[in-house]
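Here's the structure, in structure tokens; my notes come after.
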Amino acid sequence: MNKKNKKIPKNPIKNDLVRNLLTIILLFIFMASIFTLFDISEEKPKEISMSKLVQQVNEEKVKEIVVKEDKVEIILNDENNTKETLLKGGISSLEDELINVHKLSQEKVYKAHIVTKGKTGMESFLENFGPTLLMFALLGFLLWMMLGQAQKQNGQAMSFGRSTARFLKPGEKKKKTTFKDVAGVREAKEELLEIVDFLKNSKKFLELGARIPRGVLLLGPPGTGKTLLAKAVSGEADVPFFNISGSEFVEMFVGVGASRVRDLFKNAKKNAPSILFIDEIDAVGRHRGAGLGGGHDEREQTLNQILVEMDGFDTETNVIVIAATNRPDVLDPALLRPGRFDRRIELDLPDIKDREAILKVHAKGKPIEKNINLHRIAARTPGFSGAELFNLLNEAAILTARRNKKIIGKNEILESIEKVMLGPERKSNLLLQDEKKIAAYHEAGHALLGHLLPKTDPIHKISIISRGRAAGYTLNLPEEDKHFHSKSEFVDNLAMLLGGYAAEKIIFNDLTTGASSDLNRASKLARELVTKYGMSEKLGPIVFGQHSDTVFLGKEIHEQRNYSEKVAADIDYEVEQFLNNALETAIETINKNKDKLNKIANKLIEVETIEREEFEKLMKN
């Protein structure tokens, strides 16, 4: 199951504030530009005195004189029609002054074309009230923006309690998912087919007195297809589908989560029959009355509202709630009782047949070589979830494009398996010659033990090329999926885990930090043999150390120790015995087959990687 990455939501209040500030700044720039345009649109005319004007009129150089209330404009009779202004304005009768005071002839004064103009009403109005009106207009615009912002925020506050669920209408064939798009999980699909039948033909069930299931809880590890199955139910039933995540109910304000639950169920009931899907319900459905949250905790109020809506006083409803979680151990018991979640469908990791079917689904639309056997690919990926199988083929397609190929080949798929399991190849992490030899003998020790011990899985690949945190790795994979494991199988696996440690000790008479991961896994497995599986001869069939049934600050870290100090010492002794016996087996096997160990190590130093076929030939020879 591959979930689409959700985009991180932006802060609307922050965005609106930035937008308003930018608008105000641009508005001020615009107003300043207008004032500047009016102020320096033309070059200012030259100012002259009265005596200069008398001289120009007498010499007949003046084309026209325009007299306004407090300004005299002079247009000269030249090629450019040069403009000048009188140094002293406010002359009531320029014509009389030129004739009577300065003794110019009437003929020359008439040739100057003296024109008297008064200001129009609009010009006077704009001159007197224009700046004031402009300022009021600017203030009004700013006030309008502030009121609009406040109204928008009030609208957001009023809609805070509304549900944010995505709604898929029936009949929308675009991006429609059905059970054909979901490979594997046969039992889960059979259970969900009954839900589809209830929604389509509820009459035949009601006639027999059967009540439609209220809720279906999908349980399983991450990536096993819980959300994809819910979408497939919607596509098969062809009914309205509401999709929401459990984390979308909880907000910083008290009561918002419960309000959203009420609104969500109200919309679902309006569109009944319908499906309501709550993904990651453990975000709001955790056990009440535990941890640090009190009775008025927002998350607990939200859970209480979900419980009431699913099976409260309103029992006549045709809405089916499908919820998904990978943490069923932390859910509240009231949420799991019949009448709320009537069906609990567990999705396990796919077996080899399901993995092959999932690979066929994800291989559609990808140009893959015809000779590639998907069954072998499925056999090489035990423990992979559906999401990891999708990622596997996606990485293979990316690797093919990076190599400028048109068809996805076997090598790209095999490299992608190792990339998903162990991490990317670290080509820059080059080992020194001595380190390369140590890594080769270390991995050869694992491979030799895995090949010679009867209860270990076959060796598929050995490599001393760094991947992830590992300087080298040995892949041993089962031929078929196993559901039970024996004590002898665990003992052989312990010896194989210590094979690298033993090889370093025998060949170099020294130890390195390269075995730290192996020692960690071996110690954990040996302790589980004693405390979890009851495989200790001395302590017998007893499980030591149990988790508490109550949730307290994360269920995993609250472990109840149900044994004494003496028993704890016995457990440590038995764990030590398992590890010492495994190390003795590894050392004895390597000493008897040192020539084979040298063959494997020398081949690894030469080629760095040995595949299964080549390794088996090497062992036969």
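By order of appearance in the structure tokens: chains A, B, ..., then residues from 1 within every chain, and ligands from 1 in the order shown.
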Return as a tab-separated table the residues of range 216-278 of chain A lying at most 12 Å from range 184-187 of chain A, together with the closest atom-to-atom pair for each and the distance in Å to one decimal, counting only C-alpha atoms, with rows in chain order and ascending residue number.
residue	atom	partner	partner_atom	distance
A:Leu218	CA	A:Val185	CA	11.7
A:Gly220	CA	A:Val185	CA	11.2
A:Thr224	CA	A:Val185	CA	8.9
A:Gly225	CA	A:Val185	CA	8.7
A:Lys226	CA	A:Val185	CA	10.1
A:Leu228	CA	A:Val185	CA	11.3
A:Leu229	CA	A:Val185	CA	9.3
Can you write just those residues out, all heavy atoms, as a compact mmCIF listing (two decimals), in the first residue's frame?
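Okay, again.txt is ready:
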# COMPACT_ATOMS: atom_id res chain seq x y z
N LEU A 218 -9.75 -2.39 10.39
CA LEU A 218 -8.68 -3.01 9.62
C LEU A 218 -7.39 -2.93 10.41
O LEU A 218 -6.93 -1.83 10.73
CB LEU A 218 -8.53 -2.32 8.26
CG LEU A 218 -9.77 -2.29 7.36
CD1 LEU A 218 -9.48 -1.50 6.09
CD2 LEU A 218 -10.21 -3.70 7.02
N GLY A 220 -3.29 -4.26 10.92
CA GLY A 220 -2.17 -4.84 10.20
C GLY A 220 -0.96 -3.93 10.23
O GLY A 220 -1.06 -2.73 10.52
N THR A 224 0.38 -2.77 4.45
CA THR A 224 -0.28 -4.01 4.05
C THR A 224 -1.57 -3.77 3.27
O THR A 224 -2.21 -4.73 2.85
CB THR A 224 -0.60 -4.87 5.29
OG1 THR A 224 -1.25 -4.07 6.27
CG2 THR A 224 0.67 -5.45 5.87
N GLY A 225 -1.98 -2.52 3.06
CA GLY A 225 -3.10 -2.24 2.16
C GLY A 225 -4.39 -1.89 2.85
O GLY A 225 -5.46 -2.11 2.28
N LYS A 226 -4.35 -1.34 4.05
CA LYS A 226 -5.58 -1.03 4.78
C LYS A 226 -6.37 0.09 4.10
O LYS A 226 -7.58 -0.04 3.85
CB LYS A 226 -5.25 -0.65 6.23
CG LYS A 226 -4.55 -1.76 7.00
CD LYS A 226 -4.29 -1.37 8.43
CE LYS A 226 -3.22 -0.30 8.56
NZ LYS A 226 -1.88 -0.77 8.12
N LEU A 228 -6.02 1.14 1.01
CA LEU A 228 -6.40 0.70 -0.34
C LEU A 228 -7.64 -0.17 -0.31
O LEU A 228 -8.52 -0.06 -1.17
CB LEU A 228 -5.23 -0.06 -0.96
CG LEU A 228 -5.39 -0.47 -2.43
CD1 LEU A 228 -5.50 0.76 -3.32
CD2 LEU A 228 -4.22 -1.33 -2.87
N LEU A 229 -7.77 -1.02 0.71
CA LEU A 229 -8.96 -1.85 0.84
C LEU A 229 -10.21 -1.01 1.10
O LEU A 229 -11.28 -1.29 0.57
CB LEU A 229 -8.77 -2.86 1.98
CG LEU A 229 -8.23 -4.24 1.59
CD1 LEU A 229 -8.04 -5.08 2.83
CD2 LEU A 229 -9.16 -4.93 0.62
Sorted by chain and rising residue number, list the residues of range 200-279 of chain A at most 10 Å from range 327-343 of chain A (counting only C-alpha atoms), each with its closest atom pair and distance in Å to one decimal, as a Markdown table.
| residue | atom | partner | partner_atom | distance |
| --- | --- | --- | --- | --- |
| A:Arg211 | CA | A:Gly339 | CA | 9.7 |
| A:Ile212 | CA | A:Asp342 | CA | 9.5 |
| A:Pro213 | CA | A:Asp342 | CA | 5.9 |
| A:Arg214 | CA | A:Arg340 | CA | 5.5 |
| A:Gly215 | CA | A:Phe341 | CA | 4.1 |
| A:Val216 | CA | A:Arg343 | CA | 4.7 |
| A:Leu217 | CA | A:Arg343 | CA | 6.1 |
| A:Leu218 | CA | A:Arg343 | CA | 8.5 |
| A:Leu219 | CA | A:Pro328 | CA | 6.8 |
| A:Gly220 | CA | A:Arg327 | CA | 8.1 |
| A:Pro221 | CA | A:Arg327 | CA | 8.4 |
| A:Pro222 | CA | A:Arg327 | CA | 9.7 |
Could the residues in this selection be written to a file with C-alpha atoms, as a PDB file, in the first residue's frame?
ATOM      1  CA  ARG A 211     -28.527  -5.689  11.494  1.00  0.00           C
ATOM      2  CA  ILE A 212     -26.051  -3.960   9.236  1.00  0.00           C
ATOM      3  CA  PRO A 213     -22.546  -3.894  10.782  1.00  0.00           C
ATOM      4  CA  ARG A 214     -21.697  -0.570  12.356  1.00  0.00           C
ATOM      5  CA  GLY A 215     -17.957  -0.642  11.966  1.00  0.00           C
ATOM      6  CA  VAL A 216     -15.088  -2.546  10.420  1.00  0.00           C
ATOM      7  CA  LEU A 217     -11.612  -2.278  11.929  1.00  0.00           C
ATOM      8  CA  LEU A 218      -8.685  -3.012   9.616  1.00  0.00           C
ATOM      9  CA  LEU A 219      -5.617  -4.140  11.550  1.00  0.00           C
ATOM     10  CA  GLY A 220      -2.169  -4.837  10.201  1.00  0.00           C
ATOM     11  CA  PRO A 221       1.433  -3.681   9.891  1.00  0.00           C
ATOM     12  CA  PRO A 222       2.170  -0.513   7.893  1.00  0.00           C
TER      13      PRO A 222
END
Subject >> Residue set, range 168-341 of chain A restricted to strand (DSSP E), as a ChimeraX atom specification >> reply: /A:168,215-219,241-245,274-279,319-325
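Near range 441-448 of chain A, within a cut-off of 8 Å and counting only C-alpha atoms, sit the residues Ile459, Ile462, Ser463, Ile464, Gly472, Tyr473, Thr474, Met496, Leu497, Leu498, Gly499, Gly500, Tyr501, Ala502, Ala503, Glu504, Ile507, Ile590, Lys596, Leu597, Asn598, Ile600 and Ala601 of chain A, with same-chain residues fewer than 5 positions away left out.
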Could the residues in this selection be written to a file with C-alpha atoms, as an mmCIF file, in the first residue's frame?
data_model
loop_
_atom_site.group_PDB
_atom_site.id
_atom_site.type_symbol
_atom_site.label_atom_id
_atom_site.label_comp_id
_atom_site.auth_asym_id
_atom_site.auth_seq_id
_atom_site.Cartn_x
_atom_site.Cartn_y
_atom_site.Cartn_z
ATOM 1 C CA ILE A 459 22.466 -18.601 0.589
ATOM 2 C CA ILE A 462 27.312 -12.720 -0.639
ATOM 3 C CA SER A 463 28.840 -9.271 -1.071
ATOM 4 C CA ILE A 464 31.506 -7.056 0.481
ATOM 5 C CA GLY A 472 29.144 -6.391 3.630
ATOM 6 C CA TYR A 473 26.177 -8.746 3.761
ATOM 7 C CA THR A 474 25.092 -12.344 3.258
ATOM 8 C CA MET A 496 25.430 -18.733 11.409
ATOM 9 C CA LEU A 497 25.083 -15.281 13.017
ATOM 10 C CA LEU A 498 28.336 -15.917 14.892
ATOM 11 C CA GLY A 499 30.062 -17.319 11.797
ATOM 12 C CA GLY A 500 31.673 -13.992 10.900
ATOM 13 C CA TYR A 501 32.854 -13.472 14.490
ATOM 14 C CA ALA A 502 34.354 -16.993 14.540
ATOM 15 C CA ALA A 503 36.051 -16.556 11.140
ATOM 16 C CA GLU A 504 37.781 -13.353 12.267
ATOM 17 C CA ILE A 507 41.971 -16.430 10.617
ATOM 18 C CA ILE A 590 35.076 -23.478 10.147
ATOM 19 C CA LYS A 596 36.217 -23.842 1.633
ATOM 20 C CA LEU A 597 36.352 -20.694 3.764
ATOM 21 C CA ASN A 598 39.501 -19.608 1.926
ATOM 22 C CA ILE A 600 34.866 -18.122 -0.635
ATOM 23 C CA ALA A 601 36.979 -15.305 0.833
#
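Taking CA of His287 in chain A and CA of Glu300 in chain A as endpoints, the distance between them is 8.8 Å.
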**OP:** Determine which residues of range 207-238 of chain A DSSP labels as helix (DSSP H, G or I) from the backbone of this structure, then write them out as a list in words.
**Re:** Lys226, Thr227, Leu228, Leu229, Ala230, Lys231, Ala232, Val233, Ser234, Gly235, Glu236 and Ala237 of chain A
Subject >> Test item: residues at most 7 Å from Glu356 in chain A, only C-alpha atoms, excluding those fewer than 3 positions along its chain, as an NGL selection string >> reply: :A and (352-353 or 359-360 or 374-375 or 378)
Take the selection from the previous step and output its residues with all heavy atoms, as a PDB file, in the first residue's frame.
ATOM      1  N   ILE A 352       4.140 -15.819  -0.331  1.00  0.00           N
ATOM      2  CA  ILE A 352       4.811 -15.796  -1.622  1.00  0.00           C
ATOM      3  C   ILE A 352       3.822 -15.665  -2.780  1.00  0.00           C
ATOM      4  O   ILE A 352       4.087 -14.965  -3.765  1.00  0.00           O
ATOM      5  CB  ILE A 352       5.702 -17.061  -1.781  1.00  0.00           C
ATOM      6  CG1 ILE A 352       6.517 -16.974  -3.068  1.00  0.00           C
ATOM      7  CG2 ILE A 352       4.876 -18.336  -1.724  1.00  0.00           C
ATOM      8  CD1 ILE A 352       7.586 -18.037  -3.172  1.00  0.00           C
ATOM      9  N   LYS A 353       2.640 -16.308  -2.659  1.00  0.00           N
ATOM     10  CA  LYS A 353       1.638 -16.185  -3.726  1.00  0.00           C
ATOM     11  C   LYS A 353       1.080 -14.773  -3.797  1.00  0.00           C
ATOM     12  O   LYS A 353       0.902 -14.216  -4.887  1.00  0.00           O
ATOM     13  CB  LYS A 353       0.517 -17.196  -3.496  1.00  0.00           C
ATOM     14  CG  LYS A 353       0.934 -18.645  -3.661  1.00  0.00           C
ATOM     15  CD  LYS A 353      -0.253 -19.577  -3.458  1.00  0.00           C
ATOM     16  CE  LYS A 353       0.170 -21.039  -3.637  1.00  0.00           C
ATOM     17  NZ  LYS A 353      -0.963 -21.968  -3.422  1.00  0.00           N
ATOM     18  N   LEU A 359       3.130  -8.044  -7.153  1.00  0.00           N
ATOM     19  CA  LEU A 359       4.120  -7.627  -8.152  1.00  0.00           C
ATOM     20  C   LEU A 359       3.496  -7.519  -9.540  1.00  0.00           C
ATOM     21  O   LEU A 359       3.828  -6.613 -10.310  1.00  0.00           O
ATOM     22  CB  LEU A 359       5.281  -8.624  -8.162  1.00  0.00           C
ATOM     23  CG  LEU A 359       6.246  -8.555  -6.975  1.00  0.00           C
ATOM     24  CD1 LEU A 359       7.207  -9.728  -6.991  1.00  0.00           C
ATOM     25  CD2 LEU A 359       7.031  -7.242  -6.988  1.00  0.00           C
ATOM     26  N   LYS A 360       2.575  -8.429  -9.862  1.00  0.00           N
ATOM     27  CA  LYS A 360       1.908  -8.365 -11.173  1.00  0.00           C
ATOM     28  C   LYS A 360       1.050  -7.102 -11.288  1.00  0.00           C
ATOM     29  O   LYS A 360       0.995  -6.480 -12.351  1.00  0.00           O
ATOM     30  CB  LYS A 360       1.047  -9.607 -11.379  1.00  0.00           C
ATOM     31  CG  LYS A 360       1.845 -10.877 -11.635  1.00  0.00           C
ATOM     32  CD  LYS A 360       0.930 -12.087 -11.819  1.00  0.00           C
ATOM     33  CE  LYS A 360       1.739 -13.349 -12.083  1.00  0.00           C
ATOM     34  NZ  LYS A 360       0.873 -14.543 -12.226  1.00  0.00           N
ATOM     35  N   LEU A 374       8.509 -13.451 -12.018  1.00  0.00           N
ATOM     36  CA  LEU A 374       8.067 -12.730 -10.826  1.00  0.00           C
ATOM     37  C   LEU A 374       7.939 -13.650  -9.617  1.00  0.00           C
ATOM     38  O   LEU A 374       8.006 -13.186  -8.469  1.00  0.00           O
ATOM     39  CB  LEU A 374       6.735 -12.030 -11.096  1.00  0.00           C
ATOM     40  CG  LEU A 374       6.778 -10.859 -12.091  1.00  0.00           C
ATOM     41  CD1 LEU A 374       5.389 -10.266 -12.269  1.00  0.00           C
ATOM     42  CD2 LEU A 374       7.750  -9.781 -11.630  1.00  0.00           C
ATOM     43  N   HIS A 375       7.770 -14.952  -9.864  1.00  0.00           N
ATOM     44  CA  HIS A 375       7.706 -15.889  -8.737  1.00  0.00           C
ATOM     45  C   HIS A 375       9.045 -15.934  -8.002  1.00  0.00           C
ATOM     46  O   HIS A 375       9.092 -15.987  -6.776  1.00  0.00           O
ATOM     47  CB  HIS A 375       7.328 -17.284  -9.250  1.00  0.00           C
ATOM     48  CG  HIS A 375       7.221 -18.299  -8.147  1.00  0.00           C
ATOM     49  ND1 HIS A 375       6.115 -18.382  -7.307  1.00  0.00           N
ATOM     50  CD2 HIS A 375       8.090 -19.269  -7.725  1.00  0.00           C
ATOM     51  CE1 HIS A 375       6.313 -19.347  -6.430  1.00  0.00           C
ATOM     52  NE2 HIS A 375       7.497 -19.909  -6.664  1.00  0.00           N
ATOM     53  N   ALA A 378       9.335 -12.846  -5.990  1.00  0.00           N
ATOM     54  CA  ALA A 378       8.520 -12.965  -4.775  1.00  0.00           C
ATOM     55  C   ALA A 378       9.209 -13.851  -3.746  1.00  0.00           C
ATOM     56  O   ALA A 378       9.141 -13.591  -2.534  1.00  0.00           O
ATOM     57  CB  ALA A 378       7.149 -13.519  -5.123  1.00  0.00           C
TER      58      ALA A 378
END
**OP:** Please provide the set of residues having any atom within 6 Å of Glu280 in chain A, restricted to only C-alpha atoms, with same-chain residues fewer than 5 positions apart removed, written as a list of chain:residue names.
**Re:** A:Gly246, A:Ala324, A:Thr325
Given the selection you just returned, output its residues as a file containing all heavy atoms, formatted as a PDB file, in the first residue's frame.
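Resulting contents of out.pdb:
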ATOM      1  N   GLY A 246      -7.440  10.372  11.585  1.00  0.00           N
ATOM      2  CA  GLY A 246      -7.728  10.570  12.995  1.00  0.00           C
ATOM      3  C   GLY A 246      -7.112  11.833  13.559  1.00  0.00           C
ATOM      4  O   GLY A 246      -7.672  12.462  14.460  1.00  0.00           O
ATOM      5  N   ALA A 324      -8.803   2.181  10.235  1.00  0.00           N
ATOM      6  CA  ALA A 324      -7.545   1.466  10.022  1.00  0.00           C
ATOM      7  C   ALA A 324      -6.542   1.895  11.074  1.00  0.00           C
ATOM      8  O   ALA A 324      -6.490   3.066  11.464  1.00  0.00           O
ATOM      9  CB  ALA A 324      -6.990   1.757   8.625  1.00  0.00           C
ATOM     10  N   THR A 325      -5.755   0.925  11.543  1.00  0.00           N
ATOM     11  CA  THR A 325      -4.698   1.217  12.503  1.00  0.00           C
ATOM     12  C   THR A 325      -3.677   0.087  12.494  1.00  0.00           C
ATOM     13  O   THR A 325      -4.007  -1.053  12.166  1.00  0.00           O
ATOM     14  CB  THR A 325      -5.266   1.377  13.932  1.00  0.00           C
ATOM     15  OG1 THR A 325      -4.201   1.669  14.823  1.00  0.00           O
ATOM     16  CG2 THR A 325      -5.965   0.123  14.393  1.00  0.00           C
TER      17      THR A 325
END
